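Take a look at the structure below.
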Amino acid sequence: MPRNPKRKLLPPEPRNPPPEPYPEHPLPTPDQCRVVRDSLLAFHGFPDEFAKYRRNPNGSPPPVEETVLDGLVITLLSQNTTDSNSRRAFDSLKSTFLSWNQVLDAESKLLEDAIRCGGLAATKAARIKSIMRSVMEKRGEICLEYLRSLSIDEVKAELSQFKGIGPKTVACVLMFYLQKDDFPVDTHVFRITKAMGWIPSKANREKAYLHLNRRIPNDLKFDLNCLFVTHGKLCKICTRTVSKKQTDDSIALCPLTSYCCVDELQE
């Protein structure tokens, strides 16, 4: 009997942009975004950990150090763990396997062992292998460099097909590894922007992402995002590592207290 032909994976259709979740919420304004960016930049300087992803002063993209697929796997490994653990897991993966083809062909246990230091090894290994398999079936090679020529909506449609790749992961790949104008919303960004009134108090993270991406000017998204993340990690008020009795003494050390509701940051 003739074998059934392998079903072709059809390219995803770009989705229509979702509606504005908070059309009557006017914040942030472009001027507010610029002032806050400048305040954080003066306070912290630009964070070293993100510097290699930052556009050059003339607007050109930085030199490519990691492939798009590297970036997707790094971001997947960062889910539910620290940055240092996810980077250790990725370095271990790359030293164990010489190519993504080897990752695809390897026993799952070998991949799990290679990334175990990043946590959730079984789940993440299964998702990595599933991505490799899907890309190979669709493209004939394990490579995502073609995404560089696609629009933001097209990239979202492509990456959202993969199990375990949600909006935050996609946004991080867009901003860091494709140098696209996108604004991921992690825990730090969500808490700080809510305390500043940039998003409504009832907003969830998904709607915050849609709102902030519409309101923040494209040329400020990268710097603001990196600075919010850094500030959220380092500021005692914004990390909630200061007691309410110490708050008055610490307010002077936070450049955002004139914009934020401090009580919300401490909730």
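Residues in the structure tokens are named by chain (A, B, ... in the order shown) and by number from 1 within that chain; ligands are numbered from 1 in the order shown.
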Problem set entry | Distance query Lys207 of chain A at most 12 Å, only C-alpha atoms, self and fewer than 2 positions along chain excluded, as a list in words | Pro18, Pro19, Glu20, Pro21, Tyr22, Pro23, Pro167, Lys168, Pro184, Val185, Phe190, Lys194, Trp198, Ile199, Pro200, Ser201, Lys202, Ala203, Asn204, Arg205, Tyr209, Leu210, His211, Leu212, Asn213 and Arg214 of chain A
Restrict the calculation to only C-alpha atoms, then for each residue of segment 167-199 of chain A with any atom at most 9 Å from an atom of segment 225-234 of chain A give the closest atom pair and their distance in Å to one decimal, rows by chain and rising residue number, as a tab-separated table.
```
residue	atom	partner	partner_atom	distance
A:Phe183	CA	A:Asn225	CA	6.5
A:Pro184	CA	A:Asn225	CA	7.3
A:Val185	CA	A:Asn225	CA	8.2
A:Asp186	CA	A:Val229	CA	7.9
A:Thr187	CA	A:Val229	CA	8.4
A:His188	CA	A:Gly232	CA	5.0
A:Val189	CA	A:Phe228	CA	5.7
A:Arg191	CA	A:Gly232	CA	8.5
A:Ile192	CA	A:Gly232	CA	7.4
A:Thr193	CA	A:Phe228	CA	8.7
```
Save the residues we just selected, N, CA and C atoms, as an mmCIF file, in the first residue's frame?
```cif
data_model
loop_
_atom_site.group_PDB
_atom_site.id
_atom_site.type_symbol
_atom_site.label_atom_id
_atom_site.label_comp_id
_atom_site.auth_asym_id
_atom_site.auth_seq_id
_atom_site.Cartn_x
_atom_site.Cartn_y
_atom_site.Cartn_z
ATOM 1 N N PHE A 183 7.965 45.568 23.874
ATOM 2 C CA PHE A 183 8.132 45.927 25.281
ATOM 3 C C PHE A 183 7.605 44.792 26.157
ATOM 4 N N PRO A 184 8.461 43.819 26.507
ATOM 5 C CA PRO A 184 8.017 42.718 27.366
ATOM 6 C C PRO A 184 7.589 43.235 28.742
ATOM 7 N N VAL A 185 6.671 42.525 29.362
ATOM 8 C CA VAL A 185 6.210 42.914 30.701
ATOM 9 C C VAL A 185 6.505 41.772 31.667
ATOM 10 N N ASP A 186 7.604 41.906 32.417
ATOM 11 C CA ASP A 186 7.918 40.918 33.440
ATOM 12 C C ASP A 186 7.394 41.420 34.784
ATOM 13 N N THR A 187 7.744 40.718 35.862
ATOM 14 C CA THR A 187 7.239 41.086 37.183
ATOM 15 C C THR A 187 7.631 42.509 37.565
ATOM 16 N N HIS A 188 8.885 42.875 37.319
ATOM 17 C CA HIS A 188 9.362 44.211 37.701
ATOM 18 C C HIS A 188 8.648 45.298 36.901
ATOM 19 N N VAL A 189 8.571 45.117 35.599
ATOM 20 C CA VAL A 189 7.908 46.102 34.739
ATOM 21 C C VAL A 189 6.441 46.250 35.138
ATOM 22 N N ARG A 191 4.884 45.618 38.067
ATOM 23 C CA ARG A 191 4.668 46.260 39.371
ATOM 24 C C ARG A 191 4.984 47.753 39.325
ATOM 25 N N ILE A 192 6.097 48.104 38.684
ATOM 26 C CA ILE A 192 6.503 49.510 38.675
ATOM 27 C C ILE A 192 5.549 50.357 37.838
ATOM 28 N N THR A 193 5.183 49.878 36.662
ATOM 29 C CA THR A 193 4.292 50.674 35.810
ATOM 30 C C THR A 193 2.893 50.792 36.416
#
```
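Reported to one decimal place, the separation of atom CA of Leu253 of chain A from atom CA of Arg55 of chain A is 29.1 Å.
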Exercise. Nearest to Ile131 of chain A among A:Trp100, A:Phe46, A:Phe90, A:Tyr146, with distances taken over only C-alpha atoms: which residue is it?
Worked result: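 Counting only C-alpha atoms, the residue closest to Ile131 of chain A is A:Trp100.
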Exercise. Please, what distance in Å, to one decimal, runs between atom CA of Tyr53 of chain A and atom CA of Leu150 of chain A?
Worked result: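 Computed distance, atom CA of Tyr53 of chain A to atom CA of Leu150 of chain A, equals 18.8 Å.
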Exercise. Quick one, how far is atom CA of Phe97 of chain A from atom CA of Gly71 of chain A?
Worked result: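 Result for atom CA of Phe97 of chain A versus atom CA of Gly71 of chain A: 16.3 Å, one decimal.
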For this session: Any chance you could list, as a VMD selection string, the residues in segment 175-248 of chain A that come up helix (DSSP H, G or I) when DSSP is run on the backbone?
Result: chain A and resid 175 to 177 187 to 195 205 to 215 218 to 234 247 to 248
Export of prior selection with C-alpha atoms as a PDB file, in the first residue's frame:
```
ATOM      1  CA  MET A 175      13.333  42.905  21.667  1.00  0.00           C
ATOM      2  CA  PHE A 176      16.682  41.277  22.499  1.00  0.00           C
ATOM      3  CA  TYR A 177      17.414  38.912  19.636  1.00  0.00           C
ATOM      4  CA  THR A 187       7.239  41.086  37.183  1.00  0.00           C
ATOM      5  CA  HIS A 188       9.362  44.211  37.701  1.00  0.00           C
ATOM      6  CA  VAL A 189       7.908  46.102  34.739  1.00  0.00           C
ATOM      7  CA  PHE A 190       4.360  45.152  35.735  1.00  0.00           C
ATOM      8  CA  ARG A 191       4.668  46.260  39.371  1.00  0.00           C
ATOM      9  CA  ILE A 192       6.503  49.510  38.675  1.00  0.00           C
ATOM     10  CA  THR A 193       4.292  50.674  35.810  1.00  0.00           C
ATOM     11  CA  LYS A 194       1.173  49.883  37.823  1.00  0.00           C
ATOM     12  CA  ALA A 195       2.483  51.885  40.799  1.00  0.00           C
ATOM     13  CA  ARG A 205      -0.058  41.365  32.648  1.00  0.00           C
ATOM     14  CA  GLU A 206      -1.452  40.513  29.207  1.00  0.00           C
ATOM     15  CA  LYS A 207      -3.469  43.722  28.950  1.00  0.00           C
ATOM     16  CA  ALA A 208      -0.581  45.706  30.412  1.00  0.00           C
ATOM     17  CA  TYR A 209       1.606  44.414  27.577  1.00  0.00           C
ATOM     18  CA  LEU A 210      -0.901  45.538  24.946  1.00  0.00           C
ATOM     19  CA  HIS A 211      -1.421  48.942  26.550  1.00  0.00           C
ATOM     20  CA  LEU A 212       2.240  49.768  27.168  1.00  0.00           C
ATOM     21  CA  ASN A 213       3.267  48.719  23.681  1.00  0.00           C
ATOM     22  CA  ARG A 214       0.740  51.162  22.245  1.00  0.00           C
ATOM     23  CA  ARG A 215       1.653  54.051  24.557  1.00  0.00           C
ATOM     24  CA  ASN A 218       9.283  52.820  19.875  1.00  0.00           C
ATOM     25  CA  ASP A 219      12.584  54.619  20.302  1.00  0.00           C
ATOM     26  CA  LEU A 220      12.262  54.431  24.113  1.00  0.00           C
ATOM     27  CA  LYS A 221      11.031  50.855  24.528  1.00  0.00           C
ATOM     28  CA  PHE A 222      14.378  49.087  24.747  1.00  0.00           C
ATOM     29  CA  ASP A 223      16.061  51.459  27.195  1.00  0.00           C
ATOM     30  CA  LEU A 224      12.973  51.845  29.394  1.00  0.00           C
ATOM     31  CA  ASN A 225      12.407  48.105  29.602  1.00  0.00           C
ATOM     32  CA  CYS A 226      16.002  47.298  30.531  1.00  0.00           C
ATOM     33  CA  LEU A 227      16.095  50.117  33.082  1.00  0.00           C
ATOM     34  CA  PHE A 228      12.799  49.071  34.707  1.00  0.00           C
ATOM     35  CA  VAL A 229      14.082  45.500  35.069  1.00  0.00           C
ATOM     36  CA  THR A 230      17.382  46.663  36.544  1.00  0.00           C
ATOM     37  CA  HIS A 231      15.700  49.146  38.878  1.00  0.00           C
ATOM     38  CA  GLY A 232      13.183  46.541  39.994  1.00  0.00           C
ATOM     39  CA  LYS A 233      16.030  44.229  40.984  1.00  0.00           C
ATOM     40  CA  LEU A 234      18.177  46.825  42.773  1.00  0.00           C
ATOM     41  CA  THR A 247      10.493  53.820  53.704  1.00  0.00           C
ATOM     42  CA  ASP A 248      10.877  57.536  54.476  1.00  0.00           C
TER      43      ASP A 248
END
```
Exercise. Could you pull the residues within 12 Å of Met132 of chain A, counting only C-alpha atoms, minus those fewer than 4 positions along the same chain, as a VMD selection string?
Worked result: chain A and resid 69 to 70 72 to 73 99 to 106 125 to 128 136 to 144 162 to 163
Emit the selected residues as a PDB file, in the first residue's frame, including C-alpha atoms.
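In the end it all went to again24.pdb:
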```pdb
ATOM      1  CA  LEU A  69      17.182  30.082  17.923  1.00  0.00           C
ATOM      2  CA  ASP A  70      19.817  30.585  20.617  1.00  0.00           C
ATOM      3  CA  LEU A  72      14.528  31.498  21.911  1.00  0.00           C
ATOM      4  CA  VAL A  73      16.130  28.649  23.863  1.00  0.00           C
ATOM      5  CA  SER A  99      24.644  21.447  17.050  1.00  0.00           C
ATOM      6  CA  TRP A 100      20.881  21.706  17.290  1.00  0.00           C
ATOM      7  CA  ASN A 101      20.663  18.568  15.169  1.00  0.00           C
ATOM      8  CA  GLN A 102      22.443  16.713  17.968  1.00  0.00           C
ATOM      9  CA  VAL A 103      19.930  18.116  20.439  1.00  0.00           C
ATOM     10  CA  LEU A 104      17.074  16.838  18.287  1.00  0.00           C
ATOM     11  CA  ASP A 105      18.613  13.369  17.928  1.00  0.00           C
ATOM     12  CA  ALA A 106      19.707  13.017  21.559  1.00  0.00           C
ATOM     13  CA  ALA A 125      13.829  19.556  27.459  1.00  0.00           C
ATOM     14  CA  ALA A 126      10.574  18.296  25.957  1.00  0.00           C
ATOM     15  CA  ARG A 127       9.702  21.778  24.722  1.00  0.00           C
ATOM     16  CA  ILE A 128      13.156  22.359  23.242  1.00  0.00           C
ATOM     17  CA  MET A 136      13.081  20.855  10.970  1.00  0.00           C
ATOM     18  CA  GLU A 137       9.765  19.610   9.550  1.00  0.00           C
ATOM     19  CA  LYS A 138       8.753  23.053   8.365  1.00  0.00           C
ATOM     20  CA  ARG A 139      12.063  24.507   7.178  1.00  0.00           C
ATOM     21  CA  GLY A 140      14.247  21.485   6.389  1.00  0.00           C
ATOM     22  CA  GLU A 141      16.898  22.796   8.785  1.00  0.00           C
ATOM     23  CA  ILE A 142      16.972  23.819  12.420  1.00  0.00           C
ATOM     24  CA  CYS A 143      17.324  27.561  11.989  1.00  0.00           C
ATOM     25  CA  LEU A 144      15.145  30.583  12.759  1.00  0.00           C
ATOM     26  CA  PHE A 162       5.460  26.370  19.802  1.00  0.00           C
ATOM     27  CA  LYS A 163       4.277  24.809  23.053  1.00  0.00           C
TER      28      LYS A 163
END
```
Close residues, segment 77-86 of chain A itself excluded, 9 Å, only C-alpha atoms, min 4 positions apart in chain, as a PDB file with N, CA and C atoms, in the first residue's frame:
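out.pdb was written with the following content:
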```
ATOM      1  N   LEU A  72      15.781  32.142  21.513  1.00  0.00           N
ATOM      2  CA  LEU A  72      14.528  31.498  21.911  1.00  0.00           C
ATOM      3  C   LEU A  72      14.779  30.475  23.011  1.00  0.00           C
ATOM      4  N   VAL A  73      15.833  29.672  22.859  1.00  0.00           N
ATOM      5  CA  VAL A  73      16.130  28.649  23.863  1.00  0.00           C
ATOM      6  C   VAL A  73      16.582  29.295  25.171  1.00  0.00           C
ATOM      7  N   PHE A  90      22.055  27.112  29.655  1.00  0.00           N
ATOM      8  CA  PHE A  90      22.310  27.257  28.218  1.00  0.00           C
ATOM      9  C   PHE A  90      23.768  26.954  27.890  1.00  0.00           C
ATOM     10  N   ASP A  91      24.692  27.449  28.698  1.00  0.00           N
ATOM     11  CA  ASP A  91      26.109  27.170  28.457  1.00  0.00           C
ATOM     12  C   ASP A  91      26.389  25.674  28.545  1.00  0.00           C
ATOM     13  N   ILE A 115      20.622  20.556  31.098  1.00  0.00           N
ATOM     14  CA  ILE A 115      19.972  21.814  31.498  1.00  0.00           C
ATOM     15  C   ILE A 115      19.400  21.754  32.914  1.00  0.00           C
ATOM     16  N   CYS A 117      20.438  22.340  35.832  1.00  0.00           N
ATOM     17  CA  CYS A 117      20.708  23.441  36.763  1.00  0.00           C
ATOM     18  C   CYS A 117      19.738  24.605  36.585  1.00  0.00           C
ATOM     19  N   GLY A 118      18.997  24.625  35.471  1.00  0.00           N
ATOM     20  CA  GLY A 118      18.034  25.692  35.234  1.00  0.00           C
ATOM     21  C   GLY A 118      16.644  25.399  35.758  1.00  0.00           C
ATOM     22  N   GLY A 119      16.432  24.192  36.320  1.00  0.00           N
ATOM     23  CA  GLY A 119      15.127  23.841  36.856  1.00  0.00           C
ATOM     24  C   GLY A 119      14.141  23.391  35.787  1.00  0.00           C
ATOM     25  N   LEU A 120      13.134  22.615  36.215  1.00  0.00           N
ATOM     26  CA  LEU A 120      12.089  22.108  35.317  1.00  0.00           C
ATOM     27  C   LEU A 120      12.697  21.441  34.080  1.00  0.00           C
ATOM     28  N   ALA A 121      13.733  20.630  34.309  1.00  0.00           N
ATOM     29  CA  ALA A 121      14.517  20.087  33.193  1.00  0.00           C
ATOM     30  C   ALA A 121      13.682  19.234  32.250  1.00  0.00           C
ATOM     31  N   LYS A 124      11.263  21.549  30.157  1.00  0.00           N
ATOM     32  CA  LYS A 124      11.988  22.401  29.213  1.00  0.00           C
ATOM     33  C   LYS A 124      12.664  21.583  28.120  1.00  0.00           C
ATOM     34  N   THR A 169       7.761  35.442  26.454  1.00  0.00           N
ATOM     35  CA  THR A 169       8.927  34.855  25.787  1.00  0.00           C
ATOM     36  C   THR A 169       9.071  35.409  24.383  1.00  0.00           C
TER      37      THR A 169
END
```
